[in-house]
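Chemist: Got a structure here, written out as structure tokens. Questions coming.
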There are 2 protein chains.
Amino acid sequence: MKNTAISRATMGRLPAYLSYLETLPHTVGTVSATTVARALELGEVQVRKDLSDVCGAGRPRVGYDVRTLTACIEDALGVHTACEAVIVGAGRLGMALLGFDGFAHFGVTIRRAFDSDPAKMAANVLPIQALTDYCALHQVQIGILTVPADAAQQSADFLVRCGIRAIWCFSPTRLNVPDTVHVRYEDLALSLAHLSQTVKNIH
Amino acid sequence: MKNTAISRATMGRLPAYLSYLETLPHTVGTVSATTVARALELGEVQVRKDLSDVCGAGRPRVGYDVRTLTACIEDALGVHTACEAVIVGAGRLGMALLGFDGFAHFGVTIRRAFDSDPAKMAANVLPIQALTDYCALHQVQIGILTVPADAAQQSADFLVRCGIRAIWCFSPTRLNVPDTVHVRYEDLALSLAHLSQTVKNIH
């Protein structure tokens, strides 16, 4: 199956499927769409279609070979295609992401953070002025924004001028970028607010 | 409007609405569902229903008073109801979350992280053995898991025994917890994988 045939909505669910498959004991050889749907609390029809889109039809009454299905999803997610990202904002969160070893597993490397504060410079933290050359030299495609909200737009503009194609924005704000640049917002404070409200409502 | 009347799906979109309203200049007095829908690239019918659920019907051809709508959404999100969370796992990510000042704005305070590593103890990092007493004393309701995946289930079990009602799980794994405990998974590696695949696909 070609990745181009996979819808954006399906793409969004693939990480959850992959995550689930990775939790299965090695003794489990096959898995059905029904099992996956139940485990993730998703609709069975939807899961069946998603898995079919990335890995063809499963075997009747058996489902999918776990290793084959894992490989299909990894291919669809581009796990085996290398891609470099940079971090803008070497604060606590930026440094946590820079030191996180879980990204390489998905074909994304993060080697450097950039910051305007001279006090933050280190072996893996460079001055923001070096961003343009670094992005050109390493063909960086993703910029991760972990600057304060009031510095986010300016940093995003800079990243766009450096030619990056996607921004992962942890700064609590909305960005204005060209349509050709994809933005994913990750507002942790709002996520926690949502979770806390769930707790407050079940009192 | 009562919060209990607001669907889970609507609740999930409220943070985005609130975030958008906060970006509006103070000179903007009113905002329509149409404007909000366009700004966030959501369906207008959906936005209209969501805003109506939390703040009643807007005025025809005018929409909502920005301050009133903001207050309604904040109430629905429980911004003004205090709630305490603890972090389990005082690694880089845990410490970044502990030092993050954006949570208080939503009525959630995080004062302490807990860890089993004696080397990580600090004024705001306590030994994991102190978790039970701390949770009881401070009526902690949310546990934030930033431990490695292989320690996550054990930590989650401990949090459940401490009486917490929701877990925000940054560890890349699925947890088994009682149905009464709400879990929100925040798998950053998978989020980045998804974003990188978007970039790879638009080559």
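Convention: chains lettered A, B, ... in structure tokens order; per-chain residue numbering from 1; ligands numbered from 1 as shown.
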Show me, as a PDB file with C-alpha atoms, in the first residue's frame, the residues of chain B whose atoms get within 8 Å of chain A, using only C-alpha atoms for the distance check.

Modeler:
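Everything below was put into result_11.pdb:
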ATOM      1  CA  ASN B   3     -20.536  21.529  32.857  1.00  0.00           C
ATOM      2  CA  THR B   4     -22.158  18.125  33.038  1.00  0.00           C
ATOM      3  CA  MET B  11     -14.494  19.692  26.272  1.00  0.00           C
ATOM      4  CA  GLY B  12     -11.580  18.636  24.116  1.00  0.00           C
ATOM      5  CA  PRO B  15      -8.773  24.716  25.252  1.00  0.00           C
ATOM      6  CA  SER B  19      -6.244  29.825  23.471  1.00  0.00           C
ATOM      7  CA  TYR B  20      -7.617  31.631  20.411  1.00  0.00           C
ATOM      8  CA  THR B  23      -4.668  35.959  21.234  1.00  0.00           C
ATOM      9  CA  ALA B  76     -16.268  24.906  31.920  1.00  0.00           C
ATOM     10  CA  LEU B  77     -12.566  24.049  32.025  1.00  0.00           C
ATOM     11  CA  GLY B  78     -12.492  24.483  35.791  1.00  0.00           C
ATOM     12  CA  VAL B  79      -9.799  27.128  35.605  1.00  0.00           C
ATOM     13  CA  CYS B  83      -6.419  21.090  42.010  1.00  0.00           C
ATOM     14  CA  ARG B  92      14.586  16.085  32.584  1.00  0.00           C
ATOM     15  CA  LEU B  93      10.968  16.059  31.422  1.00  0.00           C
ATOM     16  CA  MET B  95      11.695  18.664  36.123  1.00  0.00           C
ATOM     17  CA  ALA B  96      10.682  20.727  33.074  1.00  0.00           C
ATOM     18  CA  LEU B  97       7.013  20.151  33.929  1.00  0.00           C
ATOM     19  CA  GLY B  99       9.215  24.224  36.715  1.00  0.00           C
ATOM     20  CA  GLY B 102       1.756  27.763  32.723  1.00  0.00           C
ATOM     21  CA  PHE B 103      -0.269  25.270  34.748  1.00  0.00           C
ATOM     22  CA  PHE B 106      -5.639  26.721  34.811  1.00  0.00           C
ATOM     23  CA  GLY B 107      -6.145  26.049  38.490  1.00  0.00           C
ATOM     24  CA  VAL B 108      -3.597  23.239  38.689  1.00  0.00           C
ATOM     25  CA  GLN B 141      -5.918  14.156  42.401  1.00  0.00           C
ATOM     26  CA  ILE B 142      -3.608  13.958  39.413  1.00  0.00           C
ATOM     27  CA  ARG B 165      -8.120   9.990  40.087  1.00  0.00           C
ATOM     28  CA  ALA B 166      -6.309  10.786  36.865  1.00  0.00           C
ATOM     29  CA  TRP B 168      -1.160  12.093  32.695  1.00  0.00           C
ATOM     30  CA  PRO B 172       5.530   5.507  26.074  1.00  0.00           C
ATOM     31  CA  THR B 173       3.355   2.589  27.181  1.00  0.00           C
ATOM     32  CA  ARG B 174      -0.259   1.650  27.919  1.00  0.00           C
ATOM     33  CA  HIS B 182      -8.833   8.530  33.919  1.00  0.00           C
ATOM     34  CA  ARG B 184      -4.424  10.756  29.266  1.00  0.00           C
ATOM     35  CA  ALA B 189       7.869  10.569  20.376  1.00  0.00           C
ATOM     36  CA  LEU B 190       4.788   9.396  18.516  1.00  0.00           C
ATOM     37  CA  SER B 191       3.570  12.966  18.065  1.00  0.00           C
ATOM     38  CA  LEU B 192       6.881  13.913  16.490  1.00  0.00           C
ATOM     39  CA  ALA B 193       6.820  10.772  14.339  1.00  0.00           C
ATOM     40  CA  HIS B 194       3.453  11.826  13.025  1.00  0.00           C
ATOM     41  CA  LEU B 195       4.632  15.357  12.279  1.00  0.00           C
ATOM     42  CA  SER B 196       7.768  14.105  10.556  1.00  0.00           C
ATOM     43  CA  GLN B 197       5.729  11.786   8.383  1.00  0.00           C
ATOM     44  CA  THR B 198       3.624  14.746   7.290  1.00  0.00           C
ATOM     45  CA  VAL B 199       6.834  16.436   6.186  1.00  0.00           C
ATOM     46  CA  LYS B 200       8.098  13.326   4.428  1.00  0.00           C
ATOM     47  CA  ASN B 201       4.809  12.901   2.568  1.00  0.00           C
TER      48      ASN B 201
END

Chemist: After a least-squares superposition of chain A on chain B over all Cα atoms matched in order, what is the RMSD to one decimal?

Modeler: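 Once chain A is overlaid on chain B, the RMSD is 0.1 Å.
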
Chemist: Tell me, which residues of stretch 41-107 of chain A carry DSSP strand (DSSP E), written as a list of chain:residue names?

Modeler: A:Tyr64, A:Asp65, A:Cys83, A:Glu84, A:Ala85, A:Val86, A:Ile87, A:Val88

Chemist: Pull all heavy atoms from the residues just selected and write them as a PDB file, in the first residue's frame.

Modeler:
ATOM      1  N   TYR A  64      -4.017 -10.155  11.700  1.00  0.00           N
ATOM      2  CA  TYR A  64      -2.730  -9.820  11.108  1.00  0.00           C
ATOM      3  C   TYR A  64      -1.594 -10.479  11.871  1.00  0.00           C
ATOM      4  O   TYR A  64      -1.648 -10.607  13.100  1.00  0.00           O
ATOM      5  CB  TYR A  64      -2.511  -8.304  11.149  1.00  0.00           C
ATOM      6  CG  TYR A  64      -3.460  -7.526  10.288  1.00  0.00           C
ATOM      7  CD1 TYR A  64      -4.700  -7.110  10.770  1.00  0.00           C
ATOM      8  CD2 TYR A  64      -3.123  -7.204   8.979  1.00  0.00           C
ATOM      9  CE1 TYR A  64      -5.584  -6.402   9.977  1.00  0.00           C
ATOM     10  CE2 TYR A  64      -3.998  -6.485   8.167  1.00  0.00           C
ATOM     11  CZ  TYR A  64      -5.222  -6.095   8.671  1.00  0.00           C
ATOM     12  OH  TYR A  64      -6.085  -5.395   7.879  1.00  0.00           O
ATOM     13  N   ASP A  65      -0.546 -10.836  11.139  1.00  0.00           N
ATOM     14  CA  ASP A  65       0.699 -11.223  11.780  1.00  0.00           C
ATOM     15  C   ASP A  65       1.251  -9.962  12.449  1.00  0.00           C
ATOM     16  O   ASP A  65       1.353  -8.902  11.812  1.00  0.00           O
ATOM     17  CB  ASP A  65       1.674 -11.741  10.714  1.00  0.00           C
ATOM     18  CG  ASP A  65       3.028 -12.071  11.309  1.00  0.00           C
ATOM     19  OD1 ASP A  65       3.154 -13.129  11.942  1.00  0.00           O
ATOM     20  OD2 ASP A  65       3.944 -11.243  11.160  1.00  0.00           O
ATOM     21  N   CYS A  83      15.276  12.024   9.331  1.00  0.00           N
ATOM     22  CA  CYS A  83      14.771  13.397   9.294  1.00  0.00           C
ATOM     23  C   CYS A  83      15.377  14.121  10.494  1.00  0.00           C
ATOM     24  O   CYS A  83      15.477  13.544  11.579  1.00  0.00           O
ATOM     25  CB  CYS A  83      13.245  13.335   9.385  1.00  0.00           C
ATOM     26  SG  CYS A  83      12.417  14.904   9.571  1.00  0.00           S
ATOM     27  N   GLU A  84      15.843  15.346  10.297  1.00  0.00           N
ATOM     28  CA  GLU A  84      16.431  16.068  11.431  1.00  0.00           C
ATOM     29  C   GLU A  84      15.555  17.233  11.876  1.00  0.00           C
ATOM     30  O   GLU A  84      14.972  17.938  11.057  1.00  0.00           O
ATOM     31  CB  GLU A  84      17.843  16.577  11.089  1.00  0.00           C
ATOM     32  CG  GLU A  84      18.466  17.313  12.271  1.00  0.00           C
ATOM     33  CD  GLU A  84      19.992  17.428  12.225  1.00  0.00           C
ATOM     34  OE1 GLU A  84      20.607  16.863  11.326  1.00  0.00           O
ATOM     35  OE2 GLU A  84      20.542  18.101  13.127  1.00  0.00           O
ATOM     36  N   ALA A  85      15.484  17.413  13.180  1.00  0.00           N
ATOM     37  CA  ALA A  85      14.731  18.524  13.762  1.00  0.00           C
ATOM     38  C   ALA A  85      15.662  19.352  14.648  1.00  0.00           C
ATOM     39  O   ALA A  85      16.649  18.829  15.171  1.00  0.00           O
ATOM     40  CB  ALA A  85      13.563  18.001  14.583  1.00  0.00           C
ATOM     41  N   VAL A  86      15.361  20.631  14.788  1.00  0.00           N
ATOM     42  CA  VAL A  86      16.109  21.479  15.721  1.00  0.00           C
ATOM     43  C   VAL A  86      15.146  22.059  16.751  1.00  0.00           C
ATOM     44  O   VAL A  86      13.946  22.193  16.486  1.00  0.00           O
ATOM     45  CB  VAL A  86      16.823  22.655  15.014  1.00  0.00           C
ATOM     46  CG1 VAL A  86      17.950  22.153  14.128  1.00  0.00           C
ATOM     47  CG2 VAL A  86      15.836  23.500  14.225  1.00  0.00           C
ATOM     48  N   ILE A  87      15.692  22.405  17.900  1.00  0.00           N
ATOM     49  CA  ILE A  87      14.894  23.016  18.947  1.00  0.00           C
ATOM     50  C   ILE A  87      15.243  24.496  19.037  1.00  0.00           C
ATOM     51  O   ILE A  87      16.420  24.862  19.025  1.00  0.00           O
ATOM     52  CB  ILE A  87      15.166  22.320  20.300  1.00  0.00           C
ATOM     53  CG1 ILE A  87      14.565  20.910  20.273  1.00  0.00           C
ATOM     54  CG2 ILE A  87      14.607  23.138  21.469  1.00  0.00           C
ATOM     55  CD1 ILE A  87      15.023  20.016  21.387  1.00  0.00           C
ATOM     56  N   VAL A  88      14.241  25.356  19.114  1.00  0.00           N
ATOM     57  CA  VAL A  88      14.483  26.779  19.345  1.00  0.00           C
ATOM     58  C   VAL A  88      13.936  27.103  20.730  1.00  0.00           C
ATOM     59  O   VAL A  88      12.725  27.018  20.962  1.00  0.00           O
ATOM     60  CB  VAL A  88      13.824  27.662  18.272  1.00  0.00           C
ATOM     61  CG1 VAL A  88      14.055  29.138  18.582  1.00  0.00           C
ATOM     62  CG2 VAL A  88      14.396  27.330  16.895  1.00  0.00           C
TER      63      VAL A  88
END

Chemist: Write out as a list in words the residues lying within 9 Å of stretch 129-136 of chain A, counting only C-alpha atoms and excluding same-chain residues fewer than 2 positions away.

Modeler: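 Skipping anything fewer than 2 positions along the chain leaves Ala85, Val86, Val88, Phe114, Asp115, Ser116, Leu126, Pro127, His138, Gln139, Val140, Gln141, Phe158, Leu159, Arg161, Cys162, Gly163 and Ile164 of chain A.
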
Chemist: One decimal, Å: what's the distance from atom CA of B:Leu137 over to atom CA of B:Arg111, could you say?

Modeler: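 For atom CA of B:Leu137 relative to atom CA of B:Arg111, the distance reads 13.1 Å.
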
Chemist: Name the residues of stretch 16-114 of chain A that fall into alpha helix (DSSP H) according to DSSP on the backbone, using the chain letters and numbers of this document, as a VMD selection string.

Modeler: chain A and resid 16 to 23 33 to 40 44 to 55 66 to 77 92 to 98

Chemist: Can you write just those residues out, N, CA and C atoms, as a compact mmCIF listing (two decimals), in the first residue's frame?

Modeler:
# COMPACT_ATOMS: atom_id res chain seq x y z
N ALA A 16 -0.96 5.24 17.73
CA ALA A 16 -1.62 4.51 18.82
C ALA A 16 -1.60 3.01 18.54
N TYR A 17 -1.83 2.63 17.28
CA TYR A 17 -1.78 1.21 16.93
C TYR A 17 -0.38 0.65 17.18
N LEU A 18 0.61 1.41 16.71
CA LEU A 18 1.99 0.95 16.86
C LEU A 18 2.34 0.81 18.33
N SER A 19 1.93 1.81 19.10
CA SER A 19 2.20 1.80 20.53
C SER A 19 1.56 0.56 21.17
N TYR A 20 0.34 0.24 20.75
CA TYR A 20 -0.34 -0.94 21.29
C TYR A 20 0.39 -2.23 20.91
N LEU A 21 0.77 -2.34 19.64
CA LEU A 21 1.45 -3.56 19.17
C LEU A 21 2.74 -3.79 19.95
N GLU A 22 3.41 -2.70 20.30
CA GLU A 22 4.69 -2.81 21.02
C GLU A 22 4.50 -3.31 22.45
N THR A 23 3.27 -3.19 22.96
CA THR A 23 3.03 -3.67 24.33
C THR A 23 2.70 -5.17 24.36
N ALA A 33 -8.26 -6.91 14.15
CA ALA A 33 -8.73 -5.52 14.24
C ALA A 33 -9.66 -5.36 15.45
N THR A 34 -10.45 -6.39 15.72
CA THR A 34 -11.37 -6.35 16.86
C THR A 34 -10.60 -6.17 18.17
N THR A 35 -9.53 -6.94 18.33
CA THR A 35 -8.72 -6.85 19.55
C THR A 35 -8.10 -5.46 19.70
N VAL A 36 -7.56 -4.96 18.60
CA VAL A 36 -6.93 -3.63 18.63
C VAL A 36 -7.98 -2.57 18.99
N ALA A 37 -9.16 -2.68 18.37
CA ALA A 37 -10.22 -1.71 18.60
C ALA A 37 -10.64 -1.70 20.07
N ARG A 38 -10.79 -2.89 20.64
CA ARG A 38 -11.20 -2.97 22.06
C ARG A 38 -10.15 -2.38 22.97
N ALA A 39 -8.89 -2.73 22.69
CA ALA A 39 -7.79 -2.27 23.57
C ALA A 39 -7.69 -0.74 23.56
N LEU A 40 -7.93 -0.14 22.40
CA LEU A 40 -7.75 1.31 22.29
C LEU A 40 -9.08 2.07 22.40
N GLU A 44 -14.65 -0.50 15.80
CA GLU A 44 -14.05 -1.63 15.10
C GLU A 44 -14.00 -1.41 13.58
N VAL A 45 -15.04 -0.80 13.04
CA VAL A 45 -15.09 -0.55 11.60
C VAL A 45 -13.93 0.37 11.19
N GLN A 46 -13.70 1.38 12.02
CA GLN A 46 -12.63 2.33 11.74
C GLN A 46 -11.26 1.65 11.79
N VAL A 47 -11.03 0.86 12.84
CA VAL A 47 -9.74 0.19 12.99
C VAL A 47 -9.52 -0.77 11.81
N ARG A 48 -10.57 -1.50 11.46
CA ARG A 48 -10.47 -2.46 10.35
C ARG A 48 -10.05 -1.73 9.07
N LYS A 49 -10.65 -0.58 8.82
CA LYS A 49 -10.33 0.18 7.60
C LYS A 49 -8.89 0.73 7.67
N ASP A 50 -8.53 1.26 8.84
CA ASP A 50 -7.18 1.80 9.00
C ASP A 50 -6.12 0.74 8.72
N LEU A 51 -6.28 -0.41 9.36
CA LEU A 51 -5.28 -1.47 9.21
C LEU A 51 -5.24 -1.97 7.78
N SER A 52 -6.42 -2.04 7.16
CA SER A 52 -6.51 -2.46 5.76
C SER A 52 -5.78 -1.46 4.85
N ASP A 53 -5.90 -0.18 5.16
CA ASP A 53 -5.24 0.86 4.36
C ASP A 53 -3.72 0.74 4.39
N VAL A 54 -3.18 0.38 5.55
CA VAL A 54 -1.72 0.33 5.64
C VAL A 54 -1.15 -1.06 5.39
N CYS A 55 -1.99 -2.10 5.53
CA CYS A 55 -1.42 -3.45 5.51
C CYS A 55 -2.29 -4.46 4.76
N VAL A 66 1.56 -10.04 13.74
CA VAL A 66 1.95 -8.85 14.50
C VAL A 66 3.18 -8.17 13.90
N ARG A 67 4.18 -9.01 13.51
CA ARG A 67 5.41 -8.40 12.98
C ARG A 67 5.19 -7.72 11.63
N THR A 68 4.37 -8.34 10.79
CA THR A 68 4.07 -7.75 9.48
C THR A 68 3.31 -6.44 9.65
N LEU A 69 2.32 -6.47 10.53
CA LEU A 69 1.50 -5.27 10.76
C LEU A 69 2.36 -4.15 11.33
N THR A 70 3.24 -4.49 12.27
CA THR A 70 4.14 -3.49 12.85
C THR A 70 5.00 -2.85 11.76
N ALA A 71 5.55 -3.70 10.88
CA ALA A 71 6.41 -3.19 9.81
C ALA A 71 5.62 -2.27 8.86
N CYS A 72 4.38 -2.67 8.54
CA CYS A 72 3.55 -1.85 7.65
C CYS A 72 3.29 -0.47 8.26
N ILE A 73 2.95 -0.46 9.56
CA ILE A 73 2.65 0.82 10.22
C ILE A 73 3.92 1.67 10.32
N GLU A 74 5.04 1.03 10.65
CA GLU A 74 6.30 1.77 10.73
C GLU A 74 6.64 2.40 9.38
N ASP A 75 6.42 1.66 8.30
CA ASP A 75 6.68 2.22 6.97
C ASP A 75 5.78 3.42 6.71
N ALA A 76 4.49 3.26 7.05
CA ALA A 76 3.55 4.35 6.82
C ALA A 76 3.93 5.59 7.63
N LEU A 77 4.46 5.36 8.82
CA LEU A 77 4.87 6.47 9.68
C LEU A 77 6.24 7.02 9.31
N ARG A 92 14.09 24.62 30.09
CA ARG A 92 13.97 23.28 30.66
C ARG A 92 13.30 22.30 29.70
N LEU A 93 12.18 22.73 29.11
CA LEU A 93 11.46 21.82 28.22
C LEU A 93 12.29 21.52 26.97
N GLY A 94 12.90 22.56 26.40
CA GLY A 94 13.74 22.37 25.22
C GLY A 94 14.86 21.39 25.49
N MET A 95 15.50 21.53 26.65
CA MET A 95 16.60 20.64 26.98
C MET A 95 16.10 19.22 27.28
N ALA A 96 14.90 19.12 27.85
CA ALA A 96 14.33 17.79 28.09
C ALA A 96 14.09 17.08 26.75
N LEU A 97 13.55 17.81 25.78
CA LEU A 97 13.29 17.22 24.46
C LEU A 97 14.60 16.88 23.75
N LEU A 98 15.60 17.76 23.91
CA LEU A 98 16.91 17.52 23.29
C LEU A 98 17.54 16.24 23.84

Chemist: Nearest to B:Thr146: which of B:Pro118, B:Pro60, B:Gly29, B:Gly89 is it, counting only C-alpha atoms?

Modeler: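 Nearest candidate to B:Thr146 out of B:Pro118, B:Pro60, B:Gly29, B:Gly89: B:Gly89.
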